[in-house]
$ cat my_file-v5.pdb   # PDB, C-alpha atoms
ATOM      1  CA  MET A  13     -21.429  13.497  28.048
ATOM      2  CA  ARG A  14     -18.106  15.104  28.919
ATOM      3  CA  ARG A  15     -15.155  13.025  27.760
ATOM      4  CA  LYS A  16     -12.383  11.964  30.135
ATOM      5  CA  ILE A  17      -9.616  13.597  28.103
ATOM      6  CA  PRO A  18      -6.713  15.741  29.411
ATOM      7  CA  SER A  19      -5.970  19.122  27.893
ATOM      8  CA  THR A  20      -4.094  19.125  24.591
ATOM      9  CA  THR A  21      -1.462  21.453  26.066
ATOM     10  CA  ALA A  22      -0.741  18.995  28.856
ATOM     11  CA  LEU A  23      -0.401  16.108  26.403
ATOM     12  CA  ILE A  24       1.932  18.086  24.132
ATOM     13  CA  CYS A  25       4.121  19.079  27.092
ATOM     14  CA  PHE A  26       4.169  15.490  28.350
ATOM     15  CA  GLU A  27       5.035  14.044  24.901
ATOM     16  CA  ALA A  28       7.945  16.458  24.434
ATOM     17  CA  SER A  29       9.197  15.855  27.999
ATOM     18  CA  ALA A  30       8.968  12.085  27.533
ATOM     19  CA  ARG A  31      10.802  12.214  24.198
ATOM     20  CA  HIS A  32      13.668  14.271  25.641
ATOM     21  CA  GLU A  33      13.365  12.949  29.211
ATOM     22  CA  SER A  34      13.928  16.541  30.162
ATOM     23  CA  PHE A  35      11.565  19.335  31.131
ATOM     24  CA  THR A  36      14.193  21.881  30.139
ATOM     25  CA  LYS A  37      14.610  20.575  26.586
ATOM     26  CA  ALA A  38      10.848  20.213  26.209
ATOM     27  CA  ALA A  39      10.414  23.823  27.273
ATOM     28  CA  GLN A  40      13.001  24.957  24.717
ATOM     29  CA  GLU A  41      11.268  23.001  21.937
ATOM     30  CA  LEU A  42       7.841  24.368  22.811
ATOM     31  CA  SER A  43       9.014  27.940  23.513
ATOM     32  CA  LEU A  44       7.674  27.748  27.060
ATOM     33  CA  THR A  45       9.277  28.195  30.452
ATOM     34  CA  GLN A  46      10.458  25.144  32.320
ATOM     35  CA  GLY A  47       8.013  25.988  35.071
ATOM     36  CA  ALA A  48       5.096  26.002  32.646
ATOM     37  CA  VAL A  49       6.045  22.557  31.321
ATOM     38  CA  CYS A  50       6.432  21.190  34.855
ATOM     39  CA  ARG A  51       2.999  22.519  35.831
ATOM     40  CA  GLN A  52       1.351  20.967  32.764
ATOM     41  CA  VAL A  53       2.966  17.579  33.372
ATOM     42  CA  GLY A  54       2.195  17.732  37.079
ATOM     43  CA  GLY A  55      -1.426  18.593  36.309
ATOM     44  CA  LEU A  56      -1.592  15.630  33.917
ATOM     45  CA  GLU A  57      -0.296  13.291  36.631
ATOM     46  CA  VAL A  58      -2.967  14.587  39.010
ATOM     47  CA  PHE A  59      -5.624  14.113  36.297
ATOM     48  CA  LEU A  60      -4.502  10.538  35.680
ATOM     49  CA  ASN A  61      -3.631   9.809  39.319
ATOM     50  CA  VAL A  62      -0.504   8.157  37.927
ATOM     51  CA  GLU A  63       3.168   9.063  38.334
ATOM     52  CA  LEU A  64       4.640   9.539  34.855
ATOM     53  CA  PHE A  65       8.158  10.656  35.820
ATOM     54  CA  ARG A  66      10.555   9.936  38.657
ATOM     55  CA  ARG A  67      12.204  13.186  39.647
ATOM     56  CA  SER A  68      15.671  13.482  41.169
ATOM     57  CA  ARG A  69      18.498  15.987  41.374
ATOM     58  CA  ARG A  70      19.941  14.432  38.208
ATOM     59  CA  GLY A  71      16.765  15.066  36.230
ATOM     60  CA  VAL A  72      13.656  13.089  35.338
ATOM     61  CA  LYS A  73      13.124   9.510  34.228
ATOM     62  CA  LEU A  74       9.965   7.972  32.792
ATOM     63  CA  THR A  75       8.170   5.444  34.927
ATOM     64  CA  GLU A  76       6.945   2.247  33.293
ATOM     65  CA  ALA A  77       3.442   3.732  33.123
ATOM     66  CA  GLY A  78       4.866   6.974  31.740
ATOM     67  CA  LEU A  79       6.768   5.145  29.006
ATOM     68  CA  SER A  80       3.687   3.192  27.919
ATOM     69  CA  TYR A  81       1.454   6.270  27.982
ATOM     70  CA  SER A  82       4.007   8.390  26.096
ATOM     71  CA  ARG A  83       4.033   5.948  23.188
ATOM     72  CA  GLN A  84       0.245   6.017  22.956
ATOM     73  CA  VAL A  85       0.066   9.802  23.253
ATOM     74  CA  ALA A  86       2.785  10.297  20.599
ATOM     75  CA  ALA A  87       0.900   8.086  18.143
ATOM     76  CA  GLN A  88      -2.371   9.935  18.748
ATOM     77  CA  LEU A  89      -0.780  13.383  18.442
ATOM     78  CA  ASP A  90       0.871  12.300  15.169
ATOM     79  CA  ALA A  91      -2.525  11.154  13.869
ATOM     80  CA  VAL A  92      -4.171  14.443  14.845
ATOM     81  CA  GLU A  93      -1.374  16.363  13.123
ATOM     82  CA  ARG A  94      -1.725  14.294   9.936
ATOM     83  CA  ASP A  95      -5.496  14.810   9.887
ATOM     84  CA  THR A  96      -5.092  18.535  10.504
ATOM     85  CA  LEU A  97      -2.552  18.938   7.696
ATOM     86  CA  SER A  98      -4.790  16.902   5.399
ATOM     87  CA  VAL A  99      -7.751  19.186   6.051
ATOM     88  CA  MET A 100      -5.572  22.271   5.525
ATOM     89  CA  ARG A 101      -4.236  20.901   2.224
ATOM     90  CA  GLN A 102      -7.680  19.948   0.965
ATOM     91  CA  GLN A 103      -9.337  23.256   1.788
ATOM     92  CA  GLY A 104     -11.146  24.236  -1.396
ATOM     93  CA  ALA A 105      -9.507  21.369  -3.305
ATOM     94  CA  ASN A 106     -11.060  18.460  -5.191
ATOM     95  CA  VAL A 107      -9.165  15.435  -3.907
ATOM     96  CA  ILE A 108      -9.529  11.684  -4.508
ATOM     97  CA  GLU A 109      -7.939   9.474  -1.869
ATOM     98  CA  LEU A 110      -7.257   6.208  -3.709
ATOM     99  CA  ALA A 111      -6.140   2.945  -2.118
ATOM    100  CA  VAL A 112      -4.235   0.874  -4.659
ATOM    101  CA  VAL A 113      -2.375  -2.419  -4.761
ATOM    102  CA  PRO A 114       1.336  -1.489  -4.823
ATOM    103  CA  THR A 115       2.852  -2.779  -8.062
ATOM    104  CA  PHE A 116      -0.225  -1.962 -10.138
ATOM    105  CA  GLY A 117      -0.059   1.573  -8.766
ATOM    106  CA  THR A 118       3.628   2.157  -9.477
ATOM    107  CA  GLN A 119       4.042   0.192 -12.710
ATOM    108  CA  TRP A 120       0.767   0.699 -14.531
ATOM    109  CA  LEU A 121      -1.306   3.504 -13.020
ATOM    110  CA  LEU A 122       1.309   6.152 -12.210
ATOM    111  CA  PRO A 123       2.830   6.271 -15.729
ATOM    112  CA  ARG A 124      -0.653   7.091 -17.068
ATOM    113  CA  LEU A 125      -1.828   9.427 -14.316
ATOM    114  CA  LYS A 126      -0.365  12.537 -15.929
ATOM    115  CA  ASP A 127      -2.978  12.182 -18.679
ATOM    116  CA  PHE A 128      -5.762  12.363 -16.088
ATOM    117  CA  GLN A 129      -4.149  15.419 -14.495
ATOM    118  CA  GLN A 130      -4.035  17.157 -17.864
ATOM    119  CA  ARG A 131      -7.687  16.378 -18.557
ATOM    120  CA  HIS A 132      -8.859  17.254 -15.039
ATOM    121  CA  PRO A 133      -6.400  19.786 -13.564
ATOM    122  CA  ASP A 134      -8.857  20.637 -10.786
ATOM    123  CA  VAL A 135      -8.752  17.081  -9.356
ATOM    124  CA  THR A 136      -5.884  15.760  -7.231
ATOM    125  CA  VAL A 137      -5.410  11.991  -6.894
ATOM    126  CA  ASN A 138      -3.524  10.756  -3.832
ATOM    127  CA  LEU A 139      -2.309   7.140  -3.819
ATOM    128  CA  THR A 140      -1.829   4.908  -0.776
ATOM    129  CA  ASN A 141      -0.844   1.235  -0.822
ATOM    130  CA  ARG A 142      -3.458  -1.238   0.369
ATOM    131  CA  THR A 143      -3.390  -4.910  -0.591
ATOM    132  CA  ARG A 144      -6.636  -6.174   0.952
ATOM    133  CA  PRO A 145     -10.278  -5.035   1.229
ATOM    134  CA  PHE A 146     -11.263  -2.803   4.142
ATOM    135  CA  LEU A 147     -14.263  -0.876   5.433
ATOM    136  CA  PHE A 148     -14.433   2.452   3.616
ATOM    137  CA  ALA A 149     -16.298   3.982   6.558
ATOM    138  CA  ASP A 150     -13.227   3.408   8.762
ATOM    139  CA  THR A 151     -10.758   5.047   6.376
ATOM    140  CA  PRO A 152     -10.303   8.338   4.474
ATOM    141  CA  PHE A 153     -10.376   6.515   1.112
ATOM    142  CA  ASP A 154     -12.807   7.522  -1.630
ATOM    143  CA  ALA A 155     -12.124   4.500  -3.865
ATOM    144  CA  ALA A 156      -9.775   1.557  -4.249
ATOM    145  CA  VAL A 157      -8.077  -0.477  -6.940
ATOM    146  CA  TYR A 158      -7.657  -4.061  -5.826
ATOM    147  CA  PHE A 159      -7.207  -7.551  -7.242
ATOM    148  CA  GLY A 160      -9.954 -10.044  -6.550
ATOM    149  CA  ASP A 161     -13.392 -11.216  -7.595
ATOM    150  CA  GLY A 162     -15.147  -7.841  -7.366
ATOM    151  CA  ASP A 163     -17.193  -8.935  -4.356
ATOM    152  CA  TRP A 164     -16.789  -6.076  -1.866
ATOM    153  CA  SER A 165     -19.820  -5.258   0.263
ATOM    154  CA  GLY A 166     -21.219  -1.739  -0.031
ATOM    155  CA  THR A 167     -19.318  -0.864  -3.201
ATOM    156  CA  GLN A 168     -19.798  -0.551  -6.939
ATOM    157  CA  ALA A 169     -17.236  -2.632  -8.874
ATOM    158  CA  HIS A 170     -15.739  -1.663 -12.225
ATOM    159  CA  ARG A 171     -13.606  -4.354 -13.868
ATOM    160  CA  LEU A 172     -10.367  -3.043 -15.317
ATOM    161  CA  MET A 173      -8.367  -6.038 -16.558
ATOM    162  CA  GLY A 174      -7.355  -9.584 -15.814
ATOM    163  CA  GLU A 175      -3.909 -10.498 -14.586
ATOM    164  CA  ASN A 176      -2.885 -13.268 -17.049
ATOM    165  CA  PRO A 177       0.640 -13.909 -15.741
ATOM    166  CA  VAL A 178       3.316 -15.731 -17.755
ATOM    167  CA  PRO A 179       6.620 -17.310 -16.691
ATOM    168  CA  VAL A 180       9.460 -14.773 -16.925
ATOM    169  CA  CYS A 181      13.126 -14.940 -16.066
ATOM    170  CA  SER A 182      16.532 -13.495 -16.794
ATOM    171  CA  PRO A 183      17.607 -14.235 -20.385
ATOM    172  CA  ALA A 184      20.645 -15.953 -18.877
ATOM    173  CA  LEU A 185      18.409 -18.817 -17.694
ATOM    174  CA  LEU A 186      17.323 -19.582 -21.257
ATOM    175  CA  HIS A 187      20.893 -20.471 -22.293
ATOM    176  CA  GLY A 188      20.258 -19.248 -25.808
ATOM    177  CA  LEU A 189      16.946 -21.059 -26.255
ATOM    178  CA  PRO A 190      13.923 -19.087 -27.536
ATOM    179  CA  ALA A 191      11.693 -20.559 -24.814
ATOM    180  CA  LEU A 192      11.474 -23.287 -22.170
ATOM    181  CA  GLU A 193       9.097 -26.229 -22.060
ATOM    182  CA  ALA A 194       6.893 -26.467 -18.987
ATOM    183  CA  GLN A 195       8.790 -29.563 -17.810
ATOM    184  CA  ARG A 196      12.086 -27.639 -17.932
ATOM    185  CA  ILE A 197      10.537 -24.745 -16.001
ATOM    186  CA  ALA A 198       9.530 -27.221 -13.280
ATOM    187  CA  GLU A 199      13.234 -27.990 -12.772
ATOM    188  CA  LEU A 200      14.136 -24.349 -12.082
ATOM    189  CA  PRO A 201      13.748 -22.515  -8.758
ATOM    190  CA  LEU A 202      10.138 -21.281  -8.669
ATOM    191  CA  LEU A 203       9.720 -17.784  -7.261
ATOM    192  CA  GLN A 204       6.453 -17.593  -5.330
ATOM    193  CA  GLN A 205       4.056 -14.674  -4.848
ATOM    194  CA  SER A 206       2.792 -14.816  -1.256
ATOM    195  CA  THR A 207      -0.690 -13.505  -2.115
ATOM    196  CA  ARG A 208      -1.010 -16.011  -4.998
ATOM    197  CA  PRO A 209       0.238 -19.191  -3.244
ATOM    198  CA  TYR A 210      -1.292 -21.602  -5.803
ATOM    199  CA  ALA A 211      -0.247 -19.723  -8.935
ATOM    200  CA  TRP A 212       2.455 -22.141 -10.082
ATOM    201  CA  ARG A 213       0.275 -25.189  -9.301
ATOM    202  CA  GLN A 214      -2.517 -23.674 -11.387
ATOM    203  CA  TRP A 215      -0.141 -22.809 -14.214
ATOM    204  CA  PHE A 216       1.348 -26.306 -14.408
ATOM    205  CA  ALA A 217      -2.114 -27.874 -14.185
ATOM    206  CA  SER A 218      -3.350 -25.728 -17.070
ATOM    207  CA  ALA A 219      -0.298 -26.931 -19.020
ATOM    208  CA  GLY A 220      -1.230 -30.567 -18.266
ATOM    209  CA  LEU A 221       1.441 -31.216 -15.640
ATOM    210  CA  SER A 222       1.438 -32.238 -11.994
ATOM    211  CA  VAL A 223       4.681 -31.014 -10.464
ATOM    212  CA  GLU A 224       6.026 -32.019  -7.072
ATOM    213  CA  GLY A 225       7.301 -28.999  -5.174
ATOM    214  CA  ASP A 226       5.267 -26.515  -7.202
ATOM    215  CA  MET A 227       4.606 -24.493  -4.031
ATOM    216  CA  THR A 228       8.187 -24.442  -2.815
ATOM    217  CA  GLY A 229      10.656 -21.646  -3.356
ATOM    218  CA  PRO A 230      11.271 -18.172  -1.908
ATOM    219  CA  ARG A 231       8.138 -16.103  -1.367
ATOM    220  CA  TYR A 232       7.772 -12.397  -2.041
ATOM    221  CA  GLU A 233       4.814 -10.174  -1.226
ATOM    222  CA  LEU A 234       5.004  -7.828  -4.220
ATOM    223  CA  PHE A 235       5.365  -8.428  -7.956
ATOM    224  CA  SER A 236       8.102  -5.781  -7.955
ATOM    225  CA  MET A 237      10.096  -8.014  -5.583
ATOM    226  CA  LEU A 238       9.453 -11.031  -7.792
ATOM    227  CA  SER A 239      10.695  -9.189 -10.870
ATOM    228  CA  GLN A 240      13.902  -8.103  -9.133
ATOM    229  CA  ALA A 241      14.552 -11.649  -7.940
ATOM    230  CA  ALA A 242      14.004 -12.949 -11.477
ATOM    231  CA  ILE A 243      16.277 -10.283 -12.981
ATOM    232  CA  HIS A 244      19.028 -11.392 -10.612
ATOM    233  CA  GLN A 245      18.704 -15.002 -11.811
ATOM    234  CA  MET A 246      17.255 -16.306  -8.548
ATOM    235  CA  GLY A 247      14.638 -18.297 -10.419
ATOM    236  CA  ILE A 248      11.594 -17.994 -12.649
ATOM    237  CA  ALA A 249       8.454 -16.040 -11.756
ATOM    238  CA  LEU A 250       4.818 -15.804 -12.839
ATOM    239  CA  ILE A 251       4.154 -12.109 -13.470
ATOM    240  CA  PRO A 252       1.518 -10.235 -15.517
ATOM    241  CA  PRO A 253       3.349  -8.670 -18.489
ATOM    242  CA  PHE A 254       1.721  -5.246 -17.986
ATOM    243  CA  LEU A 255       3.522  -4.931 -14.635
ATOM    244  CA  ILE A 256       6.967  -5.453 -16.157
ATOM    245  CA  GLN A 257       6.712  -3.716 -19.538
ATOM    246  CA  ARG A 258       9.928  -1.762 -19.069
ATOM    247  CA  GLU A 259      11.891  -4.810 -17.909
ATOM    248  CA  LEU A 260      10.692  -6.785 -20.957
ATOM    249  CA  GLU A 261      11.412  -3.938 -23.388
ATOM    250  CA  GLU A 262      14.924  -3.499 -21.989
ATOM    251  CA  GLY A 263      15.611  -7.244 -22.109
ATOM    252  CA  ARG A 264      16.263  -7.591 -18.396
ATOM    253  CA  LEU A 265      13.413 -10.106 -18.312
ATOM    254  CA  VAL A 266      12.131 -12.411 -21.049
ATOM    255  CA  VAL A 267       9.003 -14.530 -21.374
ATOM    256  CA  ALA A 268      10.167 -18.091 -20.861
ATOM    257  CA  ASN A 269       6.935 -19.705 -22.038
ATOM    258  CA  ARG A 270       3.940 -18.094 -23.767
ATOM    259  CA  HIS A 271       1.381 -20.194 -21.899
ATOM    260  CA  VAL A 272      -0.857 -17.801 -19.938
ATOM    261  CA  LEU A 273      -2.473 -18.496 -16.584
ATOM    262  CA  SER A 274      -6.061 -17.299 -16.875
ATOM    263  CA  SER A 275      -8.127 -16.468 -13.792
ATOM    264  CA  HIS A 276     -11.637 -15.278 -13.025
ATOM    265  CA  LYS A 277     -10.077 -12.714 -10.675
ATOM    266  CA  ALA A 278      -9.146  -9.289 -12.008
ATOM    267  CA  TYR A 279      -8.210  -5.731 -11.089
ATOM    268  CA  TYR A 280     -11.245  -3.663 -10.128
ATOM    269  CA  LEU A 281     -11.953  -0.061  -9.284
ATOM    270  CA  MET A 282     -14.157  -0.153  -6.198
ATOM    271  CA  ILE A 283     -16.262   2.899  -5.319
ATOM    272  CA  PRO A 284     -18.397   2.965  -2.155
ATOM    273  CA  GLU A 285     -22.088   3.260  -2.963
ATOM    274  CA  ARG A 286     -22.413   6.525  -1.060
ATOM    275  CA  LYS A 287     -19.888   8.153  -3.428
ATOM    276  CA  VAL A 288     -20.892   6.805  -6.829
ATOM    277  CA  GLN A 289     -22.413  10.171  -7.802
ATOM    278  CA  SER A 290     -19.260  12.157  -7.009
ATOM    279  CA  ALA A 291     -18.322  14.119 -10.127
ATOM    280  CA  SER A 292     -14.587  13.707  -9.566
ATOM    281  CA  LEU A 293     -14.923   9.939  -9.022
ATOM    282  CA  VAL A 294     -17.130   9.581 -12.087
ATOM    283  CA  ALA A 295     -14.469  11.395 -14.136
ATOM    284  CA  PHE A 296     -11.725   9.179 -12.686
ATOM    285  CA  ARG A 297     -13.784   6.017 -13.222
ATOM    286  CA  ASP A 298     -14.444   6.880 -16.867
ATOM    287  CA  TRP A 299     -10.791   7.752 -17.477
ATOM    288  CA  LEU A 300      -9.453   4.625 -15.756
ATOM    289  CA  THR A 301     -11.784   2.236 -17.576
ATOM    290  CA  GLU A 302     -10.899   3.959 -20.862
ATOM    291  CA  GLN A 303      -7.196   3.486 -20.134
ATOM    292  CA  SER A 304      -7.616  -0.179 -19.202
ATOM    293  CA  HIS A 305      -9.687  -0.947 -22.327
ATOM    294  CA  ALA A 306      -7.081   0.792 -24.504
ATOM    295  CA  TYR A 307      -4.320  -1.264 -22.907
ATOM    296  CA  ILE A 308      -6.235  -4.526 -23.372
ATOM    297  CA  LYS A 309      -6.836  -3.691 -27.032
ATOM    298  CA  THR A 310      -3.135  -2.905 -27.607
ATOM    299  CA  ALA A 311      -1.971  -5.997 -25.730
ATOM    300  CA  SER A 312      -4.341  -8.212 -27.718
ATOM    301  CA  ALA A 313      -3.028  -6.787 -30.994
ATOM    302  CA  ASN A 314       0.511  -7.704 -29.976
TER     303      ASN A 314
END
$ encode --input "my_file-v5.pdb" --output "structure tokens"
Amino acid sequence: MRRKIPSTTALICFEASARHESFTKAAQELSLTQGAVCRQVGGLEVFLNVELFRRSRRGVKLTEAGLSYSRQVAAQLDAVERDTLSVMRQQGANVIELAVVPTFGTQWLLPRLKDFQQRHPDVTVNLTNRTRPFLFADTPFDAAVYFGDGDWSGTQAHRLMGENPVPVCSPALLHGLPALEAQRIAELPLLQQSTRPYAWRQWFASAGLSVEGDMTGPRYELFSMLSQAAIHQMGIALIPPFLIQRELEEGRLVVANRHVLSSHKAYYLMIPERKVQSASLVAFRDWLTEQSHAYIKTASAN
């Protein structure tokens, strides 16, 4: 069945004209004559049976319909351009498109990724932030690293490591003490992680306390935001130590209490079942699980 789609040339001419609100400037940008641009836009209006521009001696102005359509067309043309460039870049290349939760990607995975590149120079790994599960069939992703229970339909799950957060804060909040009792922590501003809304309640409960207001306090979406807030003495935060190794080593953050919040949830590498035999993904899976096991072993020794 023939699709009801205007010509690409007409859409490109319309998008440029809408952006500049000028046929002349659009023609200059596209290296066309003004007449050619006008004909393409006029033909598009006939195709749609909708007036996109109001024309006057002073120039052209988008109609309400033209403004709405221009925004949709611009978004679609941008998407086509991105897809085209992606195909051009990947021609003959072995590429893994990996969705990854943000702080894990920047703080733990990226510092180790050079080792994978050295072992597999023919494989390129692209990282994109994603915080929640999605349908692989609707995205360009080949795999994902996410935090959860490993239950993701249509995928093969490979457990990497647990989170095991501990209370951390600026050393200034300790006032010279080596650590803080749980009751004292309850008196400080509690920095909340928006995707772990019950974390402090669970931590206090595991320490044998019931604390009023354990879910109050400023909320931040990313652990990187939490760590910055804690560094600037805005309160105390529950953060997995492996996400703030540098901050702990440099003394910008300190562990306020060694009590760990354990959880059945963990970081997983998720690979869609249709791609589990991919040689590049198998190599990445083996490398990533090796790296996570090595980290767990080192962390346990310390």
$ atom_distance --input "my_file-v5.pdb" --atom1 "atom CA of A:Ser82" --atom2 "atom CA of A:Glu27"
5.9 Å
$ resolve_selection --input "my_file-v5.pdb" --expression "the PyMOL selection byres ((chain A and resi 45-51) around 10)" --output "VMD selection string"
chain A and resid 21 to 22 24 to 26 28 to 29 34 to 40 42 to 44 52 to 57
$ write_last_selection --input "my_file-v5.pdb" --atoms "C-alpha atoms" --output "mmCIF file, keeping the file's coordinate frame"
data_model
loop_
_atom_site.group_PDB
_atom_site.id
_atom_site.type_symbol
_atom_site.label_atom_id
_atom_site.label_comp_id
_atom_site.auth_asym_id
_atom_site.auth_seq_id
_atom_site.Cartn_x
_atom_site.Cartn_y
_atom_site.Cartn_z
ATOM 1 C CA THR A 21 -1.462 21.453 26.066
ATOM 2 C CA ALA A 22 -0.741 18.995 28.856
ATOM 3 C CA ILE A 24 1.932 18.086 24.132
ATOM 4 C CA CYS A 25 4.121 19.079 27.092
ATOM 5 C CA PHE A 26 4.169 15.490 28.350
ATOM 6 C CA ALA A 28 7.945 16.458 24.434
ATOM 7 C CA SER A 29 9.197 15.855 27.999
ATOM 8 C CA SER A 34 13.928 16.541 30.162
ATOM 9 C CA PHE A 35 11.565 19.335 31.131
ATOM 10 C CA THR A 36 14.193 21.881 30.139
ATOM 11 C CA LYS A 37 14.610 20.575 26.586
ATOM 12 C CA ALA A 38 10.848 20.213 26.209
ATOM 13 C CA ALA A 39 10.414 23.823 27.273
ATOM 14 C CA GLN A 40 13.001 24.957 24.717
ATOM 15 C CA LEU A 42 7.841 24.368 22.811
ATOM 16 C CA SER A 43 9.014 27.940 23.513
ATOM 17 C CA LEU A 44 7.674 27.748 27.060
ATOM 18 C CA GLN A 52 1.351 20.967 32.764
ATOM 19 C CA VAL A 53 2.966 17.579 33.372
ATOM 20 C CA GLY A 54 2.195 17.732 37.079
ATOM 21 C CA GLY A 55 -1.426 18.593 36.309
ATOM 22 C CA LEU A 56 -1.592 15.630 33.917
ATOM 23 C CA GLU A 57 -0.296 13.291 36.631
#
$ residues_around --input "my_file-v5.pdb" --residues "stretch 236-251 of chain A" --least-positions-apart "6" --cutoff "9 Å" --atoms "only C-alpha atoms" --output "MDAnalysis selection string"
chainID A and resid 114:115 119 175:185 197 200:205 211:212 215 229 259 264:265 268 273
$ atom_distance --input "my_file-v5.pdb" --atom1 "atom CA of A:Thr151" --atom2 "atom CA of A:Leu97"
16.2 Å
$ resolve_selection --input "my_file-v5.pdb" --expression "the PyMOL selection byres ((chain A and resi 122) around 12)" --output "PDB file with C-alpha atoms, in the frame of the given file"
ATOM      1  CA  VAL A 112      -4.235   0.874  -4.659  1.00  0.00           C
ATOM      2  CA  VAL A 113      -2.375  -2.419  -4.761  1.00  0.00           C
ATOM      3  CA  PRO A 114       1.336  -1.489  -4.823  1.00  0.00           C
ATOM      4  CA  THR A 115       2.852  -2.779  -8.062  1.00  0.00           C
ATOM      5  CA  PHE A 116      -0.225  -1.962 -10.138  1.00  0.00           C
ATOM      6  CA  GLY A 117      -0.059   1.573  -8.766  1.00  0.00           C
ATOM      7  CA  THR A 118       3.628   2.157  -9.477  1.00  0.00           C
ATOM      8  CA  GLN A 119       4.042   0.192 -12.710  1.00  0.00           C
ATOM      9  CA  TRP A 120       0.767   0.699 -14.531  1.00  0.00           C
ATOM     10  CA  LEU A 121      -1.306   3.504 -13.020  1.00  0.00           C
ATOM     11  CA  PRO A 123       2.830   6.271 -15.729  1.00  0.00           C
ATOM     12  CA  ARG A 124      -0.653   7.091 -17.068  1.00  0.00           C
ATOM     13  CA  LEU A 125      -1.828   9.427 -14.316  1.00  0.00           C
ATOM     14  CA  LYS A 126      -0.365  12.537 -15.929  1.00  0.00           C
ATOM     15  CA  ASP A 127      -2.978  12.182 -18.679  1.00  0.00           C
ATOM     16  CA  PHE A 128      -5.762  12.363 -16.088  1.00  0.00           C
ATOM     17  CA  GLN A 129      -4.149  15.419 -14.495  1.00  0.00           C
ATOM     18  CA  VAL A 137      -5.410  11.991  -6.894  1.00  0.00           C
ATOM     19  CA  ASN A 138      -3.524  10.756  -3.832  1.00  0.00           C
ATOM     20  CA  LEU A 139      -2.309   7.140  -3.819  1.00  0.00           C
ATOM     21  CA  THR A 140      -1.829   4.908  -0.776  1.00  0.00           C
ATOM     22  CA  LEU A 255       3.522  -4.931 -14.635  1.00  0.00           C
ATOM     23  CA  LEU A 300      -9.453   4.625 -15.756  1.00  0.00           C
ATOM     24  CA  GLN A 303      -7.196   3.486 -20.134  1.00  0.00           C
TER      25      GLN A 303
END
$ resolve_selection --input "my_file-v5.pdb" --expression "the PyMOL selection byres ((chain A and resi 288) around 12)" --output "ChimeraX atom specification"
/A:154-155,166-170,281-287,289-298
$ atom_distance --input "my_file-v5.pdb" --atom1 "atom CA of A:Gly71" --atom2 "atom CA of A:Leu89"
25.0 Å
$ closest_residue --input "my_file-v5.pdb" --among "A:Val157, A:Val107, A:Val266, A:Val272" --to "A:Ala194" --atoms "only C-alpha atoms"
A:Val272
$ axis_aligned_box --input "my_file-v5.pdb" --around "stretch 238-246 of chain A" --padding-each-side "4 Å" --output "AutoDock Vina command-line options"
--center_x 14.2 --center_y -12.2 --center_z -10.4 --size_x 17.6 --size_y 16.2 --size_z 13.2
$ residues_around --input "my_file-v5.pdb" --residues "stretch 73-81 of chain A" --least-positions-apart "3" --cutoff "9 Å" --atoms "only C-alpha atoms" --output "ChimeraX atom specification"
/A:30,33-34,62-68,84-86
$ write_last_selection --input "my_file-v5.pdb" --atoms "C-alpha atoms" --output "PDB file, keeping the file's coordinate frame"
ATOM      1  CA  ALA A  30       8.968  12.085  27.533  1.00  0.00           C
ATOM      2  CA  GLU A  33      13.365  12.949  29.211  1.00  0.00           C
ATOM      3  CA  SER A  34      13.928  16.541  30.162  1.00  0.00           C
ATOM      4  CA  VAL A  62      -0.504   8.157  37.927  1.00  0.00           C
ATOM      5  CA  GLU A  63       3.168   9.063  38.334  1.00  0.00           C
ATOM      6  CA  LEU A  64       4.640   9.539  34.855  1.00  0.00           C
ATOM      7  CA  PHE A  65       8.158  10.656  35.820  1.00  0.00           C
ATOM      8  CA  ARG A  66      10.555   9.936  38.657  1.00  0.00           C
ATOM      9  CA  ARG A  67      12.204  13.186  39.647  1.00  0.00           C
ATOM     10  CA  SER A  68      15.671  13.482  41.169  1.00  0.00           C
ATOM     11  CA  GLN A  84       0.245   6.017  22.956  1.00  0.00           C
ATOM     12  CA  VAL A  85       0.066   9.802  23.253  1.00  0.00           C
ATOM     13  CA  ALA A  86       2.785  10.297  20.599  1.00  0.00           C
TER      14      ALA A  86
END
